[in-house]
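Asks: Structure supplied as run30.cif; contents: mmCIF, C-alpha atoms.
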data_model
loop_
_atom_site.group_PDB
_atom_site.id
_atom_site.type_symbol
_atom_site.label_atom_id
_atom_site.label_comp_id
_atom_site.auth_asym_id
_atom_site.auth_seq_id
_atom_site.Cartn_x
_atom_site.Cartn_y
_atom_site.Cartn_z
ATOM 1 C CA MET A 127 -15.240 -2.570 -51.516
ATOM 2 C CA LYS A 128 -14.259 -5.656 -49.591
ATOM 3 C CA ASN A 129 -10.768 -4.251 -49.002
ATOM 4 C CA ILE A 130 -12.147 -0.937 -47.740
ATOM 5 C CA PHE A 131 -14.304 -2.848 -45.298
ATOM 6 C CA LEU A 132 -11.270 -4.789 -44.066
ATOM 7 C CA ILE A 133 -9.240 -1.587 -43.650
ATOM 8 C CA ILE A 134 -12.061 0.004 -41.645
ATOM 9 C CA LEU A 135 -12.196 -3.129 -39.536
ATOM 10 C CA PHE A 136 -8.463 -2.978 -38.832
ATOM 11 C CA VAL A 137 -8.377 0.760 -38.181
ATOM 12 C CA PHE A 138 -11.337 0.916 -35.792
ATOM 13 C CA PHE A 139 -12.149 -2.522 -34.468
ATOM 14 C CA ILE A 140 -8.724 -3.825 -33.416
ATOM 15 C CA PRO A 141 -7.608 -0.674 -31.524
ATOM 16 C CA ALA A 142 -11.014 -0.657 -29.796
ATOM 17 C CA GLN A 143 -10.452 -4.266 -28.748
ATOM 18 C CA LEU A 144 -7.009 -3.373 -27.388
ATOM 19 C CA VAL A 145 -8.401 -0.425 -25.421
ATOM 20 C CA MET A 146 -11.138 -2.658 -23.979
ATOM 21 C CA ALA A 147 -8.620 -5.332 -22.971
ATOM 22 C CA SER A 148 -6.425 -2.708 -21.309
ATOM 23 C CA ALA A 149 -9.404 -1.231 -19.416
ATOM 24 C CA GLU A 150 -10.439 -4.709 -18.282
ATOM 25 C CA ARG A 151 -6.908 -5.404 -17.037
ATOM 26 C CA GLU A 152 -6.885 -2.085 -15.190
ATOM 27 C CA ILE A 153 -10.203 -2.854 -13.441
ATOM 28 C CA ASN A 154 -9.033 -6.367 -12.511
ATOM 29 C CA ILE A 155 -5.965 -4.867 -10.835
ATOM 30 C CA TYR A 156 -8.093 -2.289 -8.971
ATOM 31 C CA LYS A 157 -10.409 -5.067 -7.775
ATOM 32 C CA ASN A 158 -7.472 -6.971 -6.262
ATOM 33 C CA ILE A 159 -6.192 -3.947 -4.329
ATOM 34 C CA ARG A 160 -7.479 -2.984 -0.923
ATOM 35 C CA CYS A 161 -8.224 0.673 -0.254
ATOM 36 C CA LEU A 162 -6.177 0.986 2.941
ATOM 37 C CA VAL A 163 -8.038 4.003 4.286
ATOM 38 C CA CYS A 164 -11.548 2.634 3.614
ATOM 39 C CA GLN A 165 -13.626 -0.023 5.373
ATOM 40 C CA GLY A 166 -13.417 -3.235 3.357
ATOM 41 C CA GLN A 167 -13.484 -1.575 -0.060
ATOM 42 C CA SER A 168 -11.346 -2.308 -3.063
ATOM 43 C CA LEU A 169 -9.640 0.435 -5.021
ATOM 44 C CA ASN A 170 -12.278 -0.082 -7.690
ATOM 45 C CA ASP A 171 -15.110 0.732 -5.261
ATOM 46 C CA SER A 172 -13.517 3.741 -3.600
ATOM 47 C CA ASN A 173 -13.198 7.406 -4.475
ATOM 48 C CA SER A 174 -11.083 8.388 -1.468
ATOM 49 C CA ASP A 175 -7.979 10.528 -2.099
ATOM 50 C CA PHE A 176 -5.776 7.506 -1.449
ATOM 51 C CA ALA A 177 -7.697 5.367 -3.967
ATOM 52 C CA VAL A 178 -7.762 8.106 -6.613
ATOM 53 C CA ASP A 179 -3.983 8.711 -6.271
ATOM 54 C CA LEU A 180 -3.181 5.019 -6.366
ATOM 55 C CA LYS A 181 -5.394 4.446 -9.422
ATOM 56 C CA ARG A 182 -3.576 7.258 -11.231
ATOM 57 C CA VAL A 183 -0.176 5.750 -10.381
ATOM 58 C CA ILE A 184 -1.304 2.268 -11.515
ATOM 59 C CA LYS A 185 -2.726 3.657 -14.758
ATOM 60 C CA LYS A 186 0.629 5.327 -15.488
ATOM 61 C CA LYS A 187 2.397 2.020 -14.864
ATOM 62 C CA ILE A 188 0.019 0.198 -17.234
ATOM 63 C CA ILE A 189 0.696 2.815 -19.917
ATOM 64 C CA ASN A 190 4.443 2.299 -19.288
ATOM 65 C CA LYS A 191 3.823 -1.394 -20.081
ATOM 66 C CA GLU A 192 4.680 -2.694 -16.614
ATOM 67 C CA SER A 193 3.412 -6.201 -15.874
ATOM 68 C CA ASP A 194 0.817 -7.007 -13.175
ATOM 69 C CA LYS A 195 3.588 -8.642 -11.158
ATOM 70 C CA GLU A 196 5.711 -5.482 -11.274
ATOM 71 C CA ILE A 197 2.738 -3.336 -10.225
ATOM 72 C CA TYR A 198 1.885 -5.628 -7.282
ATOM 73 C CA LYS A 199 5.555 -5.679 -6.240
ATOM 74 C CA TYR A 200 5.662 -1.863 -6.282
ATOM 75 C CA LEU A 201 2.569 -1.722 -4.055
ATOM 76 C CA THR A 202 3.576 -4.451 -1.580
ATOM 77 C CA GLU A 203 7.011 -2.856 -1.143
ATOM 78 C CA ARG A 204 5.283 0.311 0.032
ATOM 79 C CA TYR A 205 2.137 -0.962 1.748
ATOM 80 C CA GLY A 206 2.779 -4.648 2.532
ATOM 81 C CA ASP A 207 0.917 -7.793 1.400
ATOM 82 C CA TRP A 208 -2.219 -6.530 3.162
ATOM 83 C CA ILE A 209 -2.878 -4.238 0.199
ATOM 84 C CA LEU A 210 -3.635 -7.286 -1.974
ATOM 85 C CA PHE A 211 -6.960 -9.091 -1.622
ATOM 86 C CA ASN A 212 -5.322 -12.164 -3.112
ATOM 87 C CA PRO A 213 -2.444 -12.966 -0.762
ATOM 88 C CA PRO A 214 0.797 -14.174 -2.392
ATOM 89 C CA LEU A 215 2.027 -17.725 -1.747
ATOM 90 C CA LYS A 216 4.639 -17.433 1.010
ATOM 91 C CA ILE A 217 5.645 -19.580 3.998
ATOM 92 C CA ASN A 218 3.238 -17.747 6.305
ATOM 93 C CA THR A 219 0.346 -18.070 3.834
ATOM 94 C CA LEU A 220 1.127 -21.666 2.850
ATOM 95 C CA LEU A 221 -1.551 -23.123 5.129
ATOM 96 C CA LEU A 222 -4.130 -20.715 3.724
ATOM 97 C CA TRP A 223 -3.425 -21.937 0.194
ATOM 98 C CA ALA A 224 -2.933 -25.620 1.091
ATOM 99 C CA LEU A 225 -6.006 -26.135 3.327
ATOM 100 C CA PRO A 226 -8.639 -26.320 0.530
ATOM 101 C CA PHE A 227 -6.574 -28.994 -1.253
ATOM 102 C CA LEU A 228 -6.069 -30.881 2.032
ATOM 103 C CA PHE A 229 -9.830 -30.825 2.609
ATOM 104 C CA VAL A 230 -10.482 -32.205 -0.867
ATOM 105 C CA LEU A 231 -7.923 -34.973 -0.282
ATOM 106 C CA MET A 232 -9.387 -35.819 3.125
ATOM 107 C CA GLY A 233 -12.911 -35.835 1.690
ATOM 108 C CA GLY A 234 -11.792 -38.048 -1.178
ATOM 109 C CA PHE A 235 -10.130 -40.428 1.258
ATOM 110 C CA LEU A 236 -13.263 -40.646 3.419
ATOM 111 C CA ILE A 237 -15.468 -41.297 0.379
ATOM 112 C CA TYR A 238 -13.038 -43.979 -0.788
ATOM 113 C CA GLN A 239 -13.106 -45.634 2.669
ATOM 114 C CA LYS A 240 -16.894 -45.571 2.702
ATOM 115 C CA TYR A 241 -17.036 -46.993 -0.824
ATOM 116 C CA LEU A 242 -14.674 -49.866 0.133
ATOM 117 C CA PHE A 243 -16.772 -50.573 3.207
ATOM 118 C CA LEU A 244 -20.011 -50.644 1.187
ATOM 119 C CA ASP A 245 -18.351 -52.756 -1.491
ATOM 120 C CA LYS A 246 -17.166 -55.356 1.049
ATOM 121 C CA LYS A 247 -20.618 -55.397 2.666
ATOM 122 C CA HIS A 248 -22.175 -55.937 -0.745
ATOM 123 C CA GLN A 249 -19.771 -58.811 -1.514
ATOM 124 C CA ASN A 250 -20.529 -60.485 1.807
ATOM 125 C CA MET B 49 -9.497 -46.913 9.186
ATOM 126 C CA LYS B 50 -9.533 -48.620 12.567
ATOM 127 C CA LYS B 51 -12.067 -47.265 15.018
ATOM 128 C CA GLN B 52 -9.469 -46.781 17.783
ATOM 129 C CA PHE B 53 -7.613 -44.175 15.635
ATOM 130 C CA LYS B 54 -10.680 -42.264 14.517
ATOM 131 C CA ILE B 55 -11.434 -40.404 17.765
ATOM 132 C CA PRO B 56 -7.816 -39.312 18.552
ATOM 133 C CA LEU B 57 -7.447 -38.157 14.928
ATOM 134 C CA LEU B 58 -10.653 -36.146 15.138
ATOM 135 C CA VAL B 59 -9.535 -34.587 18.432
ATOM 136 C CA PHE B 60 -6.101 -33.812 16.962
ATOM 137 C CA VAL B 61 -7.553 -32.100 13.872
ATOM 138 C CA THR B 62 -10.043 -30.123 15.997
ATOM 139 C CA VAL B 63 -7.273 -28.937 18.342
ATOM 140 C CA ILE B 64 -5.074 -27.873 15.398
ATOM 141 C CA PHE B 65 -7.918 -25.845 13.879
ATOM 142 C CA PHE B 66 -8.825 -24.330 17.229
ATOM 143 C CA VAL B 67 -5.217 -23.157 17.735
ATOM 144 C CA ILE B 68 -4.997 -21.719 14.191
ATOM 145 C CA PHE B 69 -8.289 -19.831 14.442
ATOM 146 C CA TYR B 70 -7.574 -18.645 17.982
ATOM 147 C CA TYR B 71 -4.252 -17.095 16.940
ATOM 148 C CA SER B 72 -5.772 -15.657 13.752
ATOM 149 C CA LEU B 73 -8.419 -13.894 15.832
ATOM 150 C CA LYS B 74 -5.780 -12.504 18.175
ATOM 151 C CA ALA B 75 -3.510 -11.343 15.362
ATOM 152 C CA ASN B 76 -3.025 -7.584 15.145
ATOM 153 C CA ASN B 77 -4.385 -5.499 12.312
ATOM 154 C CA LYS B 78 -2.403 -6.590 9.294
ATOM 155 C CA ASN B 79 -2.386 -3.116 7.840
ATOM 156 C CA ASN B 80 0.981 -1.921 9.043
ATOM 157 C CA PRO B 81 1.731 1.730 8.168
ATOM 158 C CA ASN B 82 5.345 1.170 9.244
ATOM 159 C CA ILE B 83 6.143 -1.169 6.378
ATOM 160 C CA MET B 84 8.628 1.412 5.013
ATOM 161 C CA LEU B 85 10.401 1.746 8.337
ATOM 162 C CA ASN B 86 14.159 1.014 8.167
ATOM 163 C CA LYS B 87 13.922 0.797 4.395
ATOM 164 C CA PRO B 88 15.568 3.228 1.974
ATOM 165 C CA LEU B 89 13.481 6.220 1.013
ATOM 166 C CA PRO B 90 12.482 5.749 -2.650
ATOM 167 C CA VAL B 91 14.049 8.316 -4.970
ATOM 168 C CA ILE B 92 11.705 11.269 -5.457
ATOM 169 C CA GLU B 93 12.116 14.578 -7.233
ATOM 170 C CA LEU B 94 10.364 17.524 -5.677
ATOM 171 C CA THR B 95 9.484 20.559 -7.759
ATOM 172 C CA SER B 96 9.516 23.745 -5.718
ATOM 173 C CA LEU B 97 6.115 25.141 -4.816
ATOM 174 C CA VAL B 98 7.191 28.724 -5.530
ATOM 175 C CA ASN B 99 9.578 28.274 -8.449
ATOM 176 C CA THR B 100 8.905 25.364 -10.812
ATOM 177 C CA ASN B 101 12.473 25.568 -12.142
ATOM 178 C CA LEU B 102 13.847 24.603 -8.739
ATOM 179 C CA LYS B 103 14.089 20.872 -8.116
ATOM 180 C CA GLN B 104 15.201 18.854 -5.137
ATOM 181 C CA GLU B 105 15.974 15.168 -5.278
ATOM 182 C CA LEU B 106 15.606 12.996 -2.198
ATOM 183 C CA PRO B 107 17.113 11.041 -0.457
ATOM 184 C CA LEU B 108 20.216 13.055 0.259
ATOM 185 C CA ILE B 109 23.072 10.696 1.016
ATOM 186 C CA ASN B 110 25.802 11.713 3.505
ATOM 187 C CA ARG B 111 24.617 15.330 3.606
ATOM 188 C CA ASP B 112 22.748 15.863 6.895
ATOM 189 C CA LYS B 113 22.732 13.430 9.797
ATOM 190 C CA TYR B 114 18.926 13.502 9.778
ATOM 191 C CA TYR B 115 16.228 15.351 7.920
ATOM 192 C CA LEU B 116 12.476 15.377 8.123
ATOM 193 C CA ILE B 117 9.837 15.035 5.421
ATOM 194 C CA ASN B 118 6.347 16.309 6.102
ATOM 195 C CA ILE B 119 3.334 15.917 3.821
ATOM 196 C CA TRP B 120 0.866 18.744 4.308
ATOM 197 C CA SER B 121 -1.777 20.881 2.682
ATOM 198 C CA SER B 122 -3.450 24.199 3.443
ATOM 199 C CA TRP B 123 -6.928 22.594 3.301
ATOM 200 C CA CYS B 124 -6.014 19.938 5.869
ATOM 201 C CA VAL B 125 -7.161 20.886 9.383
ATOM 202 C CA PRO B 126 -4.810 18.486 11.264
ATOM 203 C CA CYS B 127 -1.900 20.039 9.304
ATOM 204 C CA ARG B 128 -2.824 23.412 10.784
ATOM 205 C CA ASP B 129 -2.876 21.807 14.255
ATOM 206 C CA GLU B 130 0.598 20.310 13.909
ATOM 207 C CA HIS B 131 2.130 23.430 12.351
ATOM 208 C CA PRO B 132 3.415 24.955 15.662
ATOM 209 C CA ILE B 133 5.330 21.710 16.300
ATOM 210 C CA LEU B 134 6.963 21.898 12.866
ATOM 211 C CA MET B 135 7.903 25.507 13.654
ATOM 212 C CA LYS B 136 9.609 24.267 16.831
ATOM 213 C CA LEU B 137 11.338 21.423 14.989
ATOM 214 C CA LYS B 138 12.747 23.604 12.200
ATOM 215 C CA ASP B 139 15.553 24.852 14.477
ATOM 216 C CA LYS B 140 16.640 21.284 15.185
ATOM 217 C CA ILE B 141 16.316 19.580 11.804
ATOM 218 C CA LYS B 142 15.942 20.437 8.110
ATOM 219 C CA ILE B 143 12.344 19.911 7.037
ATOM 220 C CA TYR B 144 11.392 19.086 3.455
ATOM 221 C CA GLY B 145 7.707 19.738 2.860
ATOM 222 C CA ILE B 146 5.548 17.953 0.319
ATOM 223 C CA ASN B 147 2.548 20.113 -0.465
ATOM 224 C CA TYR B 148 -0.213 17.645 -1.320
ATOM 225 C CA LYS B 149 -2.890 18.493 -3.936
ATOM 226 C CA ASP B 150 -3.030 22.158 -3.029
ATOM 227 C CA LYS B 151 -3.406 25.499 -4.767
ATOM 228 C CA LYS B 152 -0.156 27.456 -4.850
ATOM 229 C CA SER B 153 -1.875 30.648 -3.621
ATOM 230 C CA ASN B 154 -3.544 28.872 -0.683
ATOM 231 C CA ALA B 155 -0.314 27.090 0.269
ATOM 232 C CA THR B 156 1.795 30.286 0.210
ATOM 233 C CA SER B 157 -0.769 32.282 2.189
ATOM 234 C CA PHE B 158 -0.913 29.412 4.748
ATOM 235 C CA LEU B 159 2.882 29.639 5.162
ATOM 236 C CA ASN B 160 2.892 33.450 5.235
ATOM 237 C CA LYS B 161 0.259 33.452 7.955
ATOM 238 C CA LEU B 162 1.513 30.621 10.169
ATOM 239 C CA GLY B 163 5.245 30.716 9.393
ATOM 240 C CA ASN B 164 7.355 28.599 7.069
ATOM 241 C CA PRO B 165 9.108 25.694 8.800
ATOM 242 C CA PHE B 166 10.290 24.159 5.514
ATOM 243 C CA TYR B 167 13.831 24.240 4.171
ATOM 244 C CA PHE B 168 12.343 23.275 0.807
ATOM 245 C CA THR B 169 8.717 22.837 -0.183
ATOM 246 C CA GLY B 170 7.904 20.629 -3.127
ATOM 247 C CA SER B 171 4.575 20.416 -4.826
ATOM 248 C CA ASP B 172 2.732 17.108 -5.218
ATOM 249 C CA LYS B 173 -0.119 18.129 -7.478
ATOM 250 C CA ASP B 174 -1.473 14.654 -8.261
ATOM 251 C CA GLY B 175 -0.447 12.771 -5.088
ATOM 252 C CA SER B 176 2.022 10.543 -6.946
ATOM 253 C CA VAL B 177 5.056 11.632 -4.872
ATOM 254 C CA SER B 178 3.199 10.723 -1.673
ATOM 255 C CA ILE B 179 2.312 7.284 -3.063
ATOM 256 C CA GLU B 180 5.961 6.820 -4.092
ATOM 257 C CA ILE B 181 7.085 7.091 -0.462
ATOM 258 C CA GLY B 182 4.232 4.906 0.808
ATOM 259 C CA ALA B 183 1.981 7.578 2.323
ATOM 260 C CA TYR B 184 -1.639 6.933 3.322
ATOM 261 C CA GLY B 185 -2.824 10.507 3.515
ATOM 262 C CA ILE B 186 -2.000 13.781 5.185
ATOM 263 C CA PRO B 187 -0.412 14.851 7.426
ATOM 264 C CA GLU B 188 2.406 12.340 7.503
ATOM 265 C CA THR B 189 5.969 12.747 8.780
ATOM 266 C CA TYR B 190 9.176 10.828 8.107
ATOM 267 C CA VAL B 191 12.636 11.071 9.651
ATOM 268 C CA VAL B 192 15.380 9.996 7.249
ATOM 269 C CA ASN B 193 19.015 9.438 8.189
ATOM 270 C CA SER B 194 22.199 10.227 6.242
ATOM 271 C CA GLN B 195 22.127 6.770 4.632
ATOM 272 C CA GLY B 196 18.692 7.506 3.193
ATOM 273 C CA LEU B 197 16.869 5.086 5.532
ATOM 274 C CA ILE B 198 13.459 5.978 6.935
ATOM 275 C CA ILE B 199 14.067 5.634 10.659
ATOM 276 C CA PHE B 200 10.777 7.052 11.898
ATOM 277 C CA LYS B 201 7.339 7.474 10.407
ATOM 278 C CA HIS B 202 4.217 9.015 11.861
ATOM 279 C CA VAL B 203 0.795 8.900 10.236
ATOM 280 C CA GLY B 204 -1.448 11.745 11.415
ATOM 281 C CA PRO B 205 -0.771 15.106 13.060
ATOM 282 C CA LEU B 206 2.304 15.601 15.212
ATOM 283 C CA ASN B 207 1.721 16.045 18.923
ATOM 284 C CA LYS B 208 3.887 16.779 21.971
ATOM 285 C CA LYS B 209 4.673 13.079 22.489
ATOM 286 C CA ILE B 210 5.827 12.623 18.885
ATOM 287 C CA TYR B 211 7.767 15.885 19.077
ATOM 288 C CA LEU B 212 9.698 14.551 22.080
ATOM 289 C CA ARG B 213 10.291 11.244 20.317
ATOM 290 C CA ILE B 214 11.654 12.944 17.194
ATOM 291 C CA SER B 215 13.820 15.220 19.370
ATOM 292 C CA GLU B 216 15.185 12.121 21.120
ATOM 293 C CA ILE B 217 15.955 10.380 17.800
ATOM 294 C CA ILE B 218 17.797 13.335 16.268
ATOM 295 C CA LYS B 219 19.664 14.300 19.453
#
Before anything else, please render the file you have as structure tokens.
Replies:
Amino acid sequence: MKNIFLIILFVFFIPAQLVMASAEREINIYKNIRCLVCQGQSLNDSNSDFAVDLKRVIKKKIINKESDKEIYKYLTERYGDWILFNPPLKINTLLLWALPFLFVLMGGFLIYQKYLFLDKKHQN
Amino acid sequence: MKKQFKIPLLVFVTVIFFVIFYYSLKANNKNNPNIMLNKPLPVIELTSLVNTNLKQELPLINRDKYYLINIWSSWCVPCRDEHPILMKLKDKIKIYGINYKDKKSNATSFLNKLGNPFYFTGSDKDGSVSIEIGAYGIPETYVVNSQGLIIFKHVGPLNKKIYLRISEIIK
């Protein structure tokens, strides 16, 4: 009985998990792609012809076991980096990626300065 | 930090940010439909609209000096508007048509009624061929040279100005 239960588990549960993971991956990719003929919508939010066609192409690529990186490369080669909501790290986007870290460092430095100042005041 | 450095540093940082944001605001729309310009046309296989056994692979290397690719559909009103220009262009350049998400009967009656400017018409039933060449929608027109490079691309219906530009390119 126990074995039958385990077989049922393997036959139904694991494939279902795989399908769910694949669907989740698909939606995550759609959410990171801009619908280029819509106003500020992702592929996931749009039902325009462009979005429907692109979703079909991406789905085929997922079935063909292409990686996310390969899919994004395919799209940026044809439509440019603008198609991605998450811009890739390149020389012209370096500042965009580095600024948050610079702010954190600057903030940390200012807090440290203030702390030293208060500490010295306290000692005096 | 010494007080004498604080104000110049603050001014410096403010100026840097002002310059960055000012140029970002002035930057053109980053969606550039010409991203495929001067790049090789991706390999596509067109299946004939009238005879599914007939195939045509593009790009054609070292065959014609130039050829034109036009994405169209019978249900697309701007395609109907640009059709007379395609009819004028067909005497100057070979035109390969990509019939986008259309019914075969509607497409053939469109061509029978308005004339057929296409040297070969391929069917793109699910829009995947159009995506392969980086299209946004229909109508869209590409001029490809003998090396297989896209040397001109126009998104939207052809007009007199574009007709003259294409004529100039292929002269």
Asks: Against stretch 77-98 of chain B, which residues of stretch 190-233 of chain A fall within 7 Å? For each one I want the closest pair of atoms and the distance in Å (one decimal), counting all atoms listed in the file, rows by chain and increasing residue number, as JSON lines.
Replies:
{"residue": "A:Arg204", "atom": "CA", "partner": "B:Met84", "partner_atom": "CA", "distance": 6.1}
{"residue": "A:Tyr205", "atom": "CA", "partner": "B:Ile83", "partner_atom": "CA", "distance": 6.1}
{"residue": "A:Gly206", "atom": "CA", "partner": "B:Ile83", "partner_atom": "CA", "distance": 6.2}
{"residue": "A:Trp208", "atom": "CA", "partner": "B:Asn79", "partner_atom": "CA", "distance": 5.8}
Asks: Which residues come within 12 Å of B:Thr169, counting only C-alpha atoms, excluding same-chain residues fewer than 4 positions away, as a ChimeraX atom specification?
Replies: /B:93-100,102-105,116-121,142-148,152,155-156,159,164-165
Asks: Decode the PyMOL selection byres ((chain A) within 10 of (chain B)) for the given file into explicit residues and return them as a list in words.
Replies: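 On this input, the PyMOL selection byres ((chain A) within 10 of (chain B)) captures Cys161, Leu162, Val163, Ser174, Asp175, Phe176, Ala177, Val178, Asp179, Leu180, Lys181, Arg182, Val183, Tyr200, Leu201, Thr202, Glu203, Arg204, Tyr205, Gly206, Asp207, Trp208, Ile209, Leu221, Leu236, Gln239 and Lys240 of chain A.
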Asks: To one decimal place in Å, what is the distance between atom CA of B:Asn193 and atom CA of B:His131?
Replies: 22.3 Å
Asks: Would you kindly return, as a PyMOL selection string, each protein, DNA or RNA residue with an atom no farther than 7 Å from any atom of A:Asn170, considering all atoms listed in the file and excluding same-chain residues fewer than 2 positions away?
Replies: chain A and resi 153+156-157+168+172
Asks: Selected by the PyMOL selection byres ((chain B and resi 107) around 6) in the shown coordinates: which residues, as number ranges by chain?
Replies: B: 106, 108, 196
Asks: To test your reading of the syntax: which residues would the PyMOL selection byres ((chain B and resi 132) around 10) return for the file shown? Reply as a list in words.
Replies: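 Applied to this file, the PyMOL selection byres ((chain B and resi 132) around 10) selects Cys127, Arg128, Asp129, Glu130, His131, Ile133, Leu134, Met135, Lys136, Leu137, Leu162, Gly163, Pro165, Leu206 and Asn207 of chain B.
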Asks: Counting all atoms listed in the file, what is within 7 Å of B:Tyr114, bar same-chain residues fewer than 6 positions away, as a ChimeraX atom specification?
Replies: /B:141,191-194,218
Asks: Quick one: pull the distance between atom CA of B:Pro187 and atom CA of B:Pro126, Å, one decimal.
Replies: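 Value for the atom CA of B:Pro187-atom CA of B:Pro126 distance: 6.9 Å.
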Asks: Quick check, in Å to one decimal: how far apart do atom CA of B:Leu212 and atom CA of B:Arg111 lie?
Replies: 23.8 Å
Asks: Name the residues within 12 Å of (-7.5, -4.1, -17.4), counting only C-alpha atoms in the file's coordinates, and put them as number ranges by chain.
Replies: A: 143-158, 170, 181, 184-185, 187-189, 191, 193-194
